[in-house]
file input-v3.txt (compact mmCIF, C-alpha atoms and all ligand atoms)
# COMPACT_ATOMS: atom_id res chain seq x y z
CA MET A 2 0.00 0.00 0.00
CA SER A 3 1.26 3.48 -0.91
CA ASP A 4 1.30 6.43 1.45
CA THR A 5 -0.06 8.62 -1.34
CA LEU A 6 -1.66 7.86 -4.71
CA ILE A 7 -1.65 10.67 -7.29
CA ILE A 8 -4.20 10.73 -10.12
CA GLY A 9 -2.74 12.52 -13.16
CA ALA A 10 0.86 12.66 -14.37
CA GLY A 11 1.12 16.14 -15.85
CA VAL A 12 3.69 18.56 -14.50
CA ILE A 13 1.77 18.80 -11.21
CA GLY A 14 1.42 15.05 -10.58
CA LEU A 15 5.01 14.32 -11.64
CA MET A 16 6.58 17.09 -9.55
CA LEU A 17 4.44 16.15 -6.57
CA ALA A 18 5.48 12.50 -6.86
CA ARG A 19 9.12 13.61 -6.88
CA ALA A 20 8.66 15.98 -3.92
CA LEU A 21 6.94 13.28 -1.85
CA ALA A 22 9.47 10.58 -2.75
CA ILE A 23 12.31 12.91 -1.73
CA LYS A 24 10.55 13.25 1.63
CA GLY A 25 10.60 9.45 1.98
CA GLN A 26 6.97 8.67 1.02
CA ARG A 27 5.89 5.66 -1.03
CA VAL A 28 3.92 7.04 -3.96
CA THR A 29 1.74 5.56 -6.69
CA LEU A 30 1.42 7.78 -9.77
CA LEU A 31 -1.44 6.82 -12.06
CA ASP A 32 -2.62 8.21 -15.40
CA ARG A 33 -5.29 7.09 -17.82
CA GLN A 34 -2.86 7.60 -20.73
CA SER A 35 0.94 7.81 -21.07
CA PHE A 36 2.55 10.21 -18.60
CA GLY A 37 3.06 13.85 -19.56
CA ARG A 38 0.93 14.04 -22.69
CA ALA A 39 -1.76 16.62 -21.83
CA SER A 40 -1.62 20.36 -21.12
CA SER A 41 1.86 20.25 -19.62
CA TRP A 42 3.25 18.97 -22.92
CA ALA A 43 1.21 21.43 -25.00
CA GLY A 44 2.29 24.57 -23.14
CA GLY A 45 4.89 27.18 -23.99
CA GLY A 46 7.07 26.93 -20.90
CA ILE A 47 7.42 30.62 -20.04
CA VAL A 48 8.51 30.69 -16.41
CA SER A 49 6.37 33.72 -15.56
CA PRO A 50 2.73 34.71 -15.73
CA LEU A 51 2.26 36.69 -18.96
CA TYR A 52 1.50 40.08 -17.37
CA PRO A 53 2.45 39.27 -13.77
CA TRP A 54 1.11 42.51 -12.26
CA ARG A 55 -2.42 41.68 -13.49
CA TYR A 56 -2.66 38.63 -11.21
CA GLN A 57 -3.62 38.32 -7.57
CA ASP A 58 -0.92 38.08 -4.87
CA ALA A 59 -1.81 34.37 -4.54
CA VAL A 60 -0.38 33.73 -8.02
CA THR A 61 2.64 35.98 -7.44
CA GLN A 62 3.47 34.13 -4.21
CA LEU A 63 3.75 30.79 -6.04
CA ALA A 64 5.36 32.24 -9.17
CA SER A 65 8.10 34.05 -7.22
CA TRP A 66 8.96 30.96 -5.16
CA SER A 67 9.08 28.77 -8.28
CA GLN A 68 11.16 31.21 -10.33
CA GLY A 69 13.85 31.02 -7.66
CA GLN A 70 13.85 27.19 -7.93
CA TYR A 71 13.88 26.62 -11.70
CA PRO A 72 17.62 27.05 -12.44
CA LYS A 73 18.52 24.57 -9.66
CA LEU A 74 15.69 22.17 -10.52
CA SER A 75 16.69 22.12 -14.17
CA ARG A 76 20.34 21.48 -13.27
CA GLU A 77 19.45 18.70 -10.79
CA LEU A 78 17.15 16.96 -13.26
CA ARG A 79 19.86 17.08 -15.94
CA GLU A 80 22.39 15.55 -13.55
CA GLN A 81 20.00 12.93 -12.15
CA THR A 82 18.34 11.82 -15.40
CA GLY A 83 20.59 12.84 -18.28
CA VAL A 84 17.72 14.86 -19.82
CA ASP A 85 18.32 18.62 -19.95
CA PRO A 86 15.05 20.58 -19.52
CA GLU A 87 16.83 23.58 -21.11
CA PHE A 88 15.98 26.32 -18.66
CA ASP A 89 17.19 29.57 -20.27
CA GLN A 90 16.94 33.06 -18.85
CA GLN A 91 16.35 34.93 -22.14
CA GLY A 92 14.35 37.78 -20.59
CA LEU A 93 10.85 38.89 -21.53
CA LEU A 94 9.99 41.89 -23.72
CA LEU A 95 6.44 43.21 -23.41
CA LEU A 96 5.23 45.59 -26.15
CA ASP A 97 2.32 48.04 -26.38
CA ILE A 98 1.52 48.12 -22.65
CA ASN A 99 -1.31 50.38 -21.50
CA ASP A 100 -0.98 49.82 -17.74
CA GLU A 101 2.70 50.62 -17.35
CA SER A 102 2.37 52.41 -14.01
CA GLU A 103 0.70 49.31 -12.45
CA ALA A 104 3.56 47.21 -13.84
CA LEU A 105 6.19 49.51 -12.38
CA SER A 106 4.59 49.68 -8.94
CA TRP A 107 4.18 45.87 -8.89
CA SER A 108 7.86 45.43 -9.71
CA ALA A 109 8.88 47.86 -6.96
CA ARG A 110 6.64 46.05 -4.45
CA TYR A 111 7.96 42.58 -5.29
CA GLU A 112 11.52 43.72 -6.07
CA ARG A 113 11.39 42.27 -9.58
CA GLU A 114 13.52 43.80 -12.27
CA LEU A 115 11.27 45.56 -14.80
CA THR A 116 12.31 48.61 -16.82
CA ARG A 117 10.92 50.81 -19.60
CA VAL A 118 12.72 50.46 -22.91
CA ASP A 119 12.63 52.83 -25.90
CA SER A 120 12.72 51.77 -29.54
CA GLN A 121 16.50 51.93 -29.76
CA ARG A 122 16.96 49.62 -26.75
CA LEU A 123 14.24 47.34 -28.08
CA CYS A 124 16.15 47.02 -31.31
CA GLU A 125 19.36 46.17 -29.43
CA LEU A 126 17.59 43.55 -27.34
CA GLU A 127 15.76 41.94 -30.26
CA PRO A 128 16.88 43.16 -33.69
CA GLN A 129 14.28 41.03 -35.50
CA LEU A 130 11.32 42.86 -33.94
CA GLN A 131 8.86 44.60 -36.26
CA GLY A 132 8.21 48.35 -35.84
CA SER A 133 10.81 51.00 -35.20
CA ASN A 134 8.61 53.29 -33.18
CA ARG A 135 7.63 51.13 -30.27
CA ASN A 136 8.19 51.28 -26.56
CA GLY A 137 8.02 48.39 -24.19
CA LEU A 138 8.89 46.85 -20.86
CA TRP A 139 11.82 44.55 -20.23
CA MET A 140 12.00 41.83 -17.57
CA PRO A 141 15.53 40.39 -17.83
CA GLU A 142 15.04 37.78 -15.07
CA VAL A 143 12.29 35.86 -16.89
CA GLY A 144 13.21 32.55 -18.47
CA SER A 145 11.62 29.59 -20.19
CA ILE A 146 11.80 25.85 -19.82
CA ARG A 147 11.45 23.36 -22.66
CA ASN A 148 8.38 21.71 -21.17
CA PRO A 149 8.39 18.42 -23.16
CA ARG A 150 11.98 17.93 -21.97
CA LEU A 151 11.06 18.89 -18.41
CA LEU A 152 8.37 16.19 -18.52
CA GLN A 153 10.78 13.63 -20.01
CA ALA A 154 13.24 14.35 -17.18
CA LEU A 155 10.54 14.08 -14.50
CA ILE A 156 9.17 10.85 -16.01
CA ARG A 157 12.66 9.37 -16.03
CA TRP A 158 13.16 10.53 -12.43
CA VAL A 159 9.98 8.86 -11.12
CA ARG A 160 10.73 5.66 -13.05
CA GLN A 161 14.21 5.53 -11.53
CA SER A 162 12.88 6.06 -8.02
CA SER A 163 12.32 2.94 -5.89
CA ARG A 164 9.69 4.89 -3.94
CA VAL A 165 7.40 5.62 -6.91
CA THR A 166 5.15 3.06 -8.62
CA SER A 167 4.23 4.30 -12.10
CA LEU A 168 0.92 3.13 -13.56
CA GLU A 169 0.08 4.34 -17.08
CA ASN A 170 -3.06 3.60 -19.12
CA SER A 171 -5.18 2.96 -16.04
CA GLY A 172 -8.52 2.82 -17.86
CA GLU A 173 -11.57 4.20 -16.04
CA ILE A 174 -10.92 5.09 -12.42
CA ARG A 175 -13.12 5.73 -9.39
CA LEU A 176 -12.38 7.10 -5.94
CA ARG A 177 -12.91 4.60 -3.11
CA VAL A 178 -14.36 6.36 -0.07
CA HIS A 179 -15.60 4.69 3.14
CA LYS A 180 -17.30 6.56 5.99
CA GLY A 181 -16.00 9.96 4.85
CA LYS A 182 -12.40 8.76 4.43
CA ILE A 183 -10.48 7.95 1.25
CA GLU A 184 -9.31 4.34 0.92
CA GLY A 185 -7.76 4.42 -2.53
CA VAL A 186 -8.76 4.17 -6.17
CA GLY A 187 -10.39 1.50 -8.30
CA SER A 188 -8.87 1.21 -11.79
CA ALA A 189 -10.26 -0.75 -14.74
CA ASN A 190 -6.77 -1.99 -15.62
CA TYR A 191 -5.05 -2.27 -12.22
CA GLY A 192 -7.97 -3.20 -9.95
CA LYS A 193 -8.20 -2.05 -6.34
CA LEU A 194 -5.36 0.30 -5.31
CA SER A 195 -5.06 1.23 -1.64
CA ALA A 196 -3.49 4.40 -0.27
CA GLY A 197 -3.70 6.47 2.89
CA LYS A 198 -4.02 9.65 0.86
CA VAL A 199 -5.17 10.36 -2.68
CA VAL A 200 -4.42 13.50 -4.72
CA VAL A 201 -6.49 14.53 -7.73
CA ALA A 202 -4.01 16.28 -10.05
CA ALA A 203 -5.85 15.59 -13.28
CA GLY A 204 -5.66 19.10 -14.74
CA ALA A 205 -8.75 20.12 -16.71
CA TRP A 206 -10.37 16.74 -15.89
CA SER A 207 -10.19 17.14 -12.11
CA GLY A 208 -13.77 18.45 -11.76
CA PRO A 209 -15.58 15.33 -13.03
CA ILE A 210 -13.43 13.05 -10.82
CA LEU A 211 -14.29 15.06 -7.70
CA ASN A 212 -17.94 15.37 -8.67
CA SER A 213 -18.33 11.67 -7.95
CA VAL A 214 -17.74 12.39 -4.22
CA GLY A 215 -19.92 15.52 -4.14
CA VAL A 216 -17.15 18.11 -4.52
CA ASP A 217 -17.92 20.91 -6.97
CA LEU A 218 -14.53 22.13 -8.24
CA PRO A 219 -14.81 25.19 -10.50
CA VAL A 220 -12.08 24.16 -12.97
CA VAL A 221 -12.96 24.15 -16.69
CA PRO A 222 -11.03 23.20 -19.84
CA VAL A 223 -9.67 26.19 -21.78
CA ARG A 224 -8.15 25.33 -25.13
CA GLY A 225 -4.88 26.88 -26.22
CA GLN A 226 -3.27 26.44 -29.65
CA MET A 227 0.42 26.71 -30.50
CA LEU A 228 2.63 26.81 -33.60
CA LEU A 229 6.22 25.64 -33.91
CA TYR A 230 8.53 27.24 -36.48
CA LYS A 231 11.74 25.55 -37.53
CA ALA A 232 14.12 28.49 -37.74
CA GLN A 233 17.86 28.81 -37.22
CA PRO A 234 19.56 29.07 -33.81
CA GLY A 235 19.96 32.68 -32.69
CA LEU A 236 17.35 34.17 -35.06
CA ILE A 237 15.63 35.60 -31.99
CA LYS A 238 16.99 35.76 -28.47
CA ARG A 239 14.14 36.98 -26.25
CA ILE A 240 10.64 35.92 -25.31
CA THR A 241 8.39 38.64 -26.73
CA LEU A 242 4.80 39.29 -25.74
CA VAL A 243 2.30 41.45 -27.65
CA GLY A 244 -1.33 41.34 -26.51
CA ASN A 245 -2.24 37.69 -25.99
CA ARG A 246 0.44 36.44 -28.37
CA TYR A 247 4.07 35.54 -27.74
CA VAL A 248 7.15 34.05 -29.36
CA ILE A 249 9.61 31.86 -27.44
CA PRO A 250 13.04 30.89 -28.80
CA ARG A 251 14.41 27.39 -28.14
CA ARG A 252 18.13 26.58 -28.15
CA ASP A 253 17.99 24.59 -31.39
CA GLY A 254 16.43 27.48 -33.35
CA ARG A 255 12.85 26.33 -33.10
CA ILE A 256 10.41 29.11 -32.21
CA LEU A 257 7.13 28.58 -30.41
CA VAL A 258 4.22 30.90 -31.08
CA GLY A 259 1.19 31.01 -28.80
CA SER A 260 -1.56 31.06 -28.05
CA SER A 261 -5.33 31.11 -28.22
CA LEU A 262 -7.76 31.14 -25.29
CA GLU A 263 -10.93 29.22 -26.21
CA TYR A 264 -13.82 27.86 -24.15
CA GLU A 265 -14.83 24.84 -26.27
CA GLY A 266 -15.33 22.17 -23.60
CA TYR A 267 -13.17 19.05 -23.85
CA ASN A 268 -12.37 19.58 -27.53
CA ALA A 269 -8.58 19.51 -27.87
CA TYR A 270 -8.39 19.61 -31.67
CA PRO A 271 -6.45 22.46 -33.32
CA THR A 272 -8.32 24.54 -35.91
CA ILE A 273 -7.28 25.95 -39.27
CA GLU A 274 -8.57 29.44 -38.29
CA GLN A 275 -6.24 29.62 -35.29
CA ARG A 276 -3.35 28.29 -37.32
CA TYR A 277 -3.68 31.18 -39.79
CA SER A 278 -4.27 33.68 -37.02
CA LEU A 279 -1.16 32.53 -35.11
CA GLU A 280 0.93 32.57 -38.31
CA ARG A 281 -0.24 36.09 -39.09
CA THR A 282 0.57 37.51 -35.68
CA ALA A 283 3.88 35.61 -35.49
CA GLN A 284 4.99 37.30 -38.70
CA GLU A 285 3.72 40.66 -37.50
CA ILE A 286 5.95 40.36 -34.42
CA ILE A 287 8.96 38.80 -36.23
CA PRO A 288 8.67 39.38 -40.01
CA ALA A 289 11.65 37.08 -40.68
CA LEU A 290 9.48 34.10 -39.65
CA ALA A 291 7.82 34.31 -43.09
CA ASP A 292 10.98 32.63 -44.45
CA TYR A 293 10.74 29.58 -42.21
CA PRO A 294 8.42 26.56 -42.25
CA VAL A 295 5.78 25.79 -39.61
CA GLU A 296 6.78 22.39 -38.32
CA LYS A 297 3.85 21.64 -36.02
CA HIS A 298 0.50 22.99 -34.81
CA TRP A 299 -1.31 21.62 -31.76
CA ALA A 300 -3.78 22.35 -29.00
CA GLY A 301 -4.00 21.60 -25.30
CA LEU A 302 -6.60 22.03 -22.56
CA ARG A 303 -5.58 24.27 -19.70
CA PRO A 304 -7.18 23.68 -16.29
CA GLY A 305 -9.00 27.04 -16.14
CA SER A 306 -9.87 28.59 -12.79
CA SER A 307 -11.20 31.96 -11.75
CA GLN A 308 -8.32 34.51 -11.79
CA GLY A 309 -5.86 31.66 -12.36
CA VAL A 310 -5.64 30.80 -8.65
CA PRO A 311 -5.26 27.01 -8.27
CA PHE A 312 -6.95 24.81 -5.66
CA ILE A 313 -4.38 23.13 -3.44
CA GLY A 314 -5.19 21.14 -0.30
CA GLU A 315 -7.54 18.62 1.32
CA VAL A 316 -11.22 18.62 0.35
CA THR A 317 -13.54 19.40 3.23
CA ASN A 318 -15.89 16.40 3.06
CA THR A 319 -13.46 13.49 2.56
CA LYS A 320 -10.53 12.87 4.88
CA GLY A 321 -7.31 12.10 3.03
CA LEU A 322 -8.54 13.32 -0.36
CA TYR A 323 -6.48 16.19 -1.77
CA VAL A 324 -6.56 18.35 -4.90
CA SER A 325 -3.99 20.24 -6.90
CA ALA A 326 -5.70 21.67 -9.97
CA GLY A 327 -6.70 24.88 -11.72
CA HIS A 328 -3.25 26.29 -12.53
CA PHE A 329 -4.73 27.66 -15.75
CA ARG A 330 -2.16 29.56 -17.88
CA ASN A 331 0.66 29.17 -15.35
CA GLY A 332 0.95 25.51 -14.40
CA LEU A 333 4.57 25.20 -15.51
CA VAL A 334 5.77 28.25 -13.64
CA LEU A 335 3.68 27.53 -10.54
CA ALA A 336 4.43 23.79 -10.32
CA PRO A 337 7.52 23.82 -8.04
CA ALA A 338 5.83 26.01 -5.41
CA SER A 339 2.41 24.43 -5.76
CA THR A 340 3.77 20.91 -5.28
CA HIS A 341 6.08 22.00 -2.45
CA LEU A 342 3.06 23.43 -0.62
CA LEU A 343 0.95 20.30 -1.09
CA ALA A 344 3.81 17.95 -0.21
CA CYS A 345 4.20 19.82 3.11
CA GLN A 346 0.46 19.52 3.80
CA ILE A 347 0.48 15.80 3.04
CA THR A 348 3.46 15.07 5.27
CA GLY A 349 2.32 17.49 7.97
CA GLU A 350 5.41 19.71 7.75
CA ARG A 351 5.49 23.44 8.27
CA CYS A 352 5.59 25.32 4.98
CA ASP A 353 7.07 28.69 4.10
CA LEU A 354 4.11 29.36 1.74
CA ASP A 355 0.70 30.55 2.94
CA PRO A 356 -1.91 27.85 2.05
CA MET A 357 -5.01 30.00 2.66
CA PRO A 358 -5.56 31.49 -0.83
CA TYR A 359 -5.79 28.02 -2.40
CA CYS A 360 -8.38 26.39 -0.09
CA VAL A 361 -10.46 23.66 -1.74
CA PRO A 362 -14.31 23.71 -1.59
C1 LIG B 1 -1.17 26.40 -25.34
C2 LIG B 1 -0.75 26.44 -23.91
C3 LIG B 1 0.31 27.26 -23.52
C4 LIG B 1 0.72 27.30 -22.17
N1 LIG B 1 1.82 28.02 -21.84
C5 LIG B 1 2.26 28.03 -20.56
C6 LIG B 1 3.43 28.73 -20.21
O1 LIG B 1 4.10 29.32 -21.05
N2 LIG B 1 3.81 28.74 -18.88
C7 LIG B 1 3.09 28.08 -17.92
O2 LIG B 1 3.46 28.15 -16.75
N3 LIG B 1 1.98 27.39 -18.24
C8 LIG B 1 1.55 27.34 -19.53
N4 LIG B 1 0.42 26.65 -19.87
C9 LIG B 1 -0.40 26.07 -18.81
C10 LIG B 1 0.16 24.75 -18.30
O3 LIG B 1 0.50 23.95 -19.38
C11 LIG B 1 -0.91 24.08 -17.40
O4 LIG B 1 -1.34 24.95 -16.40
C12 LIG B 1 -0.29 22.84 -16.73
O5 LIG B 1 0.29 22.03 -17.69
C13 LIG B 1 -1.34 22.06 -15.95
O6 LIG B 1 -0.70 20.91 -15.46
P1 LIG B 1 -1.53 19.71 -14.82
O7 LIG B 1 -0.53 18.69 -14.41
O8 LIG B 1 -2.47 20.26 -13.83
O9 LIG B 1 -2.45 19.18 -16.02
P2 LIG B 1 -2.13 18.25 -17.29
O10 LIG B 1 -0.78 18.48 -17.83
O11 LIG B 1 -3.28 18.45 -18.22
O12 LIG B 1 -2.15 16.80 -16.70
C14 LIG B 1 -3.31 16.17 -16.25
C15 LIG B 1 -3.11 14.67 -16.34
O13 LIG B 1 -4.24 14.02 -15.75
C16 LIG B 1 -4.55 12.88 -16.53
N5 LIG B 1 -5.95 12.51 -16.31
C17 LIG B 1 -7.07 13.20 -16.65
N6 LIG B 1 -8.17 12.54 -16.28
C18 LIG B 1 -7.75 11.39 -15.69
C19 LIG B 1 -8.43 10.28 -15.11
N7 LIG B 1 -9.77 10.21 -15.07
N8 LIG B 1 -7.70 9.27 -14.60
C20 LIG B 1 -6.34 9.32 -14.63
N9 LIG B 1 -5.64 10.34 -15.17
C21 LIG B 1 -6.34 11.37 -15.69
C22 LIG B 1 -4.28 13.33 -17.95
O14 LIG B 1 -4.09 12.22 -18.82
C23 LIG B 1 -3.02 14.17 -17.77
O15 LIG B 1 -1.83 13.40 -17.94
C24 LIG B 1 0.02 26.54 -21.21
C25 LIG B 1 -1.03 25.69 -21.60
C26 LIG B 1 -1.40 25.62 -22.94
C27 LIG B 1 -2.49 24.68 -23.34

call {"tool": "encode", "arguments": {"input": "input-v3.txt", "output": "structure tokens"}}
result
Amino acid sequence: MSDTLIIGAGVIGLMLARALAIKGQRVTLLDRQSFGRASSWAGGGIVSPLYPWRYQDAVTQLASWSQGQYPKLSRELREQTGVDPEFDQQGLLLLDINDESEALSWSARYERELTRVDSQRLCELEPQLQGSNRNGLWMPEVGSIRNPRLLQALIRWVRQSSRVTSLENSGEIRLRVHKGKIEGVGSANYGKLSAGKVVVAAGAWSGPILNSVGVDLPVVPVRGQMLLYKAQPGLIKRITLVGNRYVIPRRDGRILVGSSLEYEGYNAYPTIEQRYSLERTAQEIIPALADYPVEKHWAGLRPGSSQGVPFIGEVTNTKGLYVSAGHFRNGLVLAPASTHLLACQITGERCDLDPMPYCVP
């Protein structure tokens, strides 16, 4: 019997399994498909909320803690698994901002480096940018992680660990509850699995799982579509954000362009309209992209929550049943802090993060 069984092996489930195993727990990690294939694979990997000053303090608390961890986490995973998650601190350029004074006072309050840049400085920072007459903001501390590689490294880590049992392709699952206490999970393909604690970390699908025990979790699927250009290394150097669209350079020259924000239920198919729209805005931001092929176009379902504040903690009506879901647009950046907080709650340790803003219904 495991101490803790985690349902869902996206970035949240995988990082939580690692955090608990490091604390000495025996963990079962279960997914209905292969590990690391859903939203966490589909995302862009920017290690910052897009306009961080527009979020509540609850999101900033987790984002700031995580940002401090990513360089070390990426290095450790590379050393322990041989897979480099490619954390790079390229800096983030934000163009055409209309709430600059809010941004500047947020950066002063949280001591984050954020400065105004004129068109000349913009050009120095990113020569490929379109438009000579633009101003922007520059956040040099922001980086990105190559999320499919981060997942590969985490999957390898949990498979190497003698404390983690990995169960993929579980088939249908159901929570097993007796007299208000969790007993484990029933799985079509693995049968009866017992655990002292169970965590629902099933991203956009967490709501229906919890519904079966009378918990109404307000987390909904929000589709996001991405494009991948195959360009040459060094064509662009910075992450650049304009409106809801951004470009992210990878080390090998590939450039990610995102993203859409669509409420279409559990439909994770990409559409031709969004492909054209993303191509158009990509080439408006970086005209040179017109010379390079689009290698891939895909969609993923974010676990959407109100204001992007995730639910982290034990549910009120079932002892031993926990949730970590609703990280919305920021699951990759929030994951280290979010899973650190929940791991402390599960093991009963004191935590340096305030749990209150993330209370579960
Ligand atoms: C286009 C796009 C761009 C994004 N860009 C960024 C970004 O730049 N930075 C950032 O921080 N975040 C970004 N995100 C958001 C981020 O990807 C998500 O917040 C994060 O991946 C959520 O992780 P998760 O582990 O909760 O969910 P998921 O990765 O979706 O994992 C959930 C897992 O649960 C499993 N599951 C579901 N139902 C069941 C069941 N019944 N039984 C067993 N297993 C089940 C699924 O198979 C899946 O493996 C982006 C998302 C998208 C779609």

call {"tool": "residues_near_ligand", "arguments": {"input": "input-v3.txt", "ligand": "ligand LIG 1 (chain B)", "cutoff": "6 Å", "atoms": "only C-alpha atoms and all ligand atoms", "output": "JSON, numbers by chain"}}
result
{"A": [8, 9, 10, 11, 12, 13, 14, 32, 33, 34, 36, 37, 38, 39, 40, 41, 43, 44, 45, 46, 47, 48, 174, 202, 203, 204, 205, 206, 224, 225, 226, 227, 260, 301, 302, 303, 304, 326, 328, 329, 330, 331, 332, 333, 334]}

call {"tool": "write_last_selection", "arguments": {"input": "input-v3.txt", "atoms": "C-alpha atoms", "output": "PDB file, in the frame of the given file"}}
result
ATOM      1  CA  ILE A   8      -4.200  10.730 -10.120  1.00  0.00           C
ATOM      2  CA  GLY A   9      -2.740  12.520 -13.160  1.00  0.00           C
ATOM      3  CA  ALA A  10       0.860  12.660 -14.370  1.00  0.00           C
ATOM      4  CA  GLY A  11       1.120  16.140 -15.850  1.00  0.00           C
ATOM      5  CA  VAL A  12       3.690  18.560 -14.500  1.00  0.00           C
ATOM      6  CA  ILE A  13       1.770  18.800 -11.210  1.00  0.00           C
ATOM      7  CA  GLY A  14       1.420  15.050 -10.580  1.00  0.00           C
ATOM      8  CA  ASP A  32      -2.620   8.210 -15.400  1.00  0.00           C
ATOM      9  CA  ARG A  33      -5.290   7.090 -17.820  1.00  0.00           C
ATOM     10  CA  GLN A  34      -2.860   7.600 -20.730  1.00  0.00           C
ATOM     11  CA  PHE A  36       2.550  10.210 -18.600  1.00  0.00           C
ATOM     12  CA  GLY A  37       3.060  13.850 -19.560  1.00  0.00           C
ATOM     13  CA  ARG A  38       0.930  14.040 -22.690  1.00  0.00           C
ATOM     14  CA  ALA A  39      -1.760  16.620 -21.830  1.00  0.00           C
ATOM     15  CA  SER A  40      -1.620  20.360 -21.120  1.00  0.00           C
ATOM     16  CA  SER A  41       1.860  20.250 -19.620  1.00  0.00           C
ATOM     17  CA  ALA A  43       1.210  21.430 -25.000  1.00  0.00           C
ATOM     18  CA  GLY A  44       2.290  24.570 -23.140  1.00  0.00           C
ATOM     19  CA  GLY A  45       4.890  27.180 -23.990  1.00  0.00           C
ATOM     20  CA  GLY A  46       7.070  26.930 -20.900  1.00  0.00           C
ATOM     21  CA  ILE A  47       7.420  30.620 -20.040  1.00  0.00           C
ATOM     22  CA  VAL A  48       8.510  30.690 -16.410  1.00  0.00           C
ATOM     23  CA  ILE A 174     -10.920   5.090 -12.420  1.00  0.00           C
ATOM     24  CA  ALA A 202      -4.010  16.280 -10.050  1.00  0.00           C
ATOM     25  CA  ALA A 203      -5.850  15.590 -13.280  1.00  0.00           C
ATOM     26  CA  GLY A 204      -5.660  19.100 -14.740  1.00  0.00           C
ATOM     27  CA  ALA A 205      -8.750  20.120 -16.710  1.00  0.00           C
ATOM     28  CA  TRP A 206     -10.370  16.740 -15.890  1.00  0.00           C
ATOM     29  CA  ARG A 224      -8.150  25.330 -25.130  1.00  0.00           C
ATOM     30  CA  GLY A 225      -4.880  26.880 -26.220  1.00  0.00           C
ATOM     31  CA  GLN A 226      -3.270  26.440 -29.650  1.00  0.00           C
ATOM     32  CA  MET A 227       0.420  26.710 -30.500  1.00  0.00           C
ATOM     33  CA  SER A 260      -1.560  31.060 -28.050  1.00  0.00           C
ATOM     34  CA  GLY A 301      -4.000  21.600 -25.300  1.00  0.00           C
ATOM     35  CA  LEU A 302      -6.600  22.030 -22.560  1.00  0.00           C
ATOM     36  CA  ARG A 303      -5.580  24.270 -19.700  1.00  0.00           C
ATOM     37  CA  PRO A 304      -7.180  23.680 -16.290  1.00  0.00           C
ATOM     38  CA  ALA A 326      -5.700  21.670  -9.970  1.00  0.00           C
ATOM     39  CA  HIS A 328      -3.250  26.290 -12.530  1.00  0.00           C
ATOM     40  CA  PHE A 329      -4.730  27.660 -15.750  1.00  0.00           C
ATOM     41  CA  ARG A 330      -2.160  29.560 -17.880  1.00  0.00           C
ATOM     42  CA  ASN A 331       0.660  29.170 -15.350  1.00  0.00           C
ATOM     43  CA  GLY A 332       0.950  25.510 -14.400  1.00  0.00           C
ATOM     44  CA  LEU A 333       4.570  25.200 -15.510  1.00  0.00           C
ATOM     45  CA  VAL A 334       5.770  28.250 -13.640  1.00  0.00           C
TER      46      VAL A 334
END

call {"tool": "closest_residue", "arguments": {"input": "input-v3.txt", "among": "A:Gly197, A:Pro356, A:Gly69, A:Gly144", "to": "A:Gly185", "atoms": "all atoms listed in the file"}}
result
A:Gly197

call {"tool": "residues_near_point", "arguments": {"input": "input-v3.txt", "point": "(15.2, 45.3, -28.9)", "cutoff": "10 Å", "atoms": "all atoms listed in the file", "output": "PDB file with C-alpha atoms, in the frame of the given file"}}
result
ATOM      1  CA  LEU A  94       9.990  41.890 -23.720  1.00  0.00           C
ATOM      2  CA  VAL A 118      12.720  50.460 -22.910  1.00  0.00           C
ATOM      3  CA  ASP A 119      12.630  52.830 -25.900  1.00  0.00           C
ATOM      4  CA  SER A 120      12.720  51.770 -29.540  1.00  0.00           C
ATOM      5  CA  GLN A 121      16.500  51.930 -29.760  1.00  0.00           C
ATOM      6  CA  ARG A 122      16.960  49.620 -26.750  1.00  0.00           C
ATOM      7  CA  LEU A 123      14.240  47.340 -28.080  1.00  0.00           C
ATOM      8  CA  CYS A 124      16.150  47.020 -31.310  1.00  0.00           C
ATOM      9  CA  GLU A 125      19.360  46.170 -29.430  1.00  0.00           C
ATOM     10  CA  LEU A 126      17.590  43.550 -27.340  1.00  0.00           C
ATOM     11  CA  GLU A 127      15.760  41.940 -30.260  1.00  0.00           C
ATOM     12  CA  PRO A 128      16.880  43.160 -33.690  1.00  0.00           C
ATOM     13  CA  GLN A 129      14.280  41.030 -35.500  1.00  0.00           C
ATOM     14  CA  LEU A 130      11.320  42.860 -33.940  1.00  0.00           C
ATOM     15  CA  GLN A 131       8.860  44.600 -36.260  1.00  0.00           C
ATOM     16  CA  SER A 133      10.810  51.000 -35.200  1.00  0.00           C
ATOM     17  CA  ARG A 135       7.630  51.130 -30.270  1.00  0.00           C
ATOM     18  CA  ASN A 136       8.190  51.280 -26.560  1.00  0.00           C
ATOM     19  CA  GLY A 137       8.020  48.390 -24.190  1.00  0.00           C
ATOM     20  CA  TRP A 139      11.820  44.550 -20.230  1.00  0.00           C
ATOM     21  CA  LYS A 238      16.990  35.760 -28.470  1.00  0.00           C
ATOM     22  CA  ARG A 239      14.140  36.980 -26.250  1.00  0.00           C
ATOM     23  CA  THR A 241       8.390  38.640 -26.730  1.00  0.00           C
TER      24      THR A 241
END

call {"tool": "atom_distance", "arguments": {"input": "input-v3.txt", "atom1": "atom CA of A:Glu77", "atom2": "atom CA of A:Thr29"}}
result
22.4 Å

call {"tool": "closest_residue", "arguments": {"input": "input-v3.txt", "among": "A:Ala64, A:Ala300, A:Val316, A:Ala18", "to": "A:Gly181", "atoms": "all atoms listed in the file"}}
result
A:Val316

call {"tool": "closest_residue", "arguments": {"input": "input-v3.txt", "among": "A:Arg175, A:Arg113, A:Arg281, A:Arg79", "to": "A:Ser65", "atoms": "all atoms listed in the file"}}
result
A:Arg113
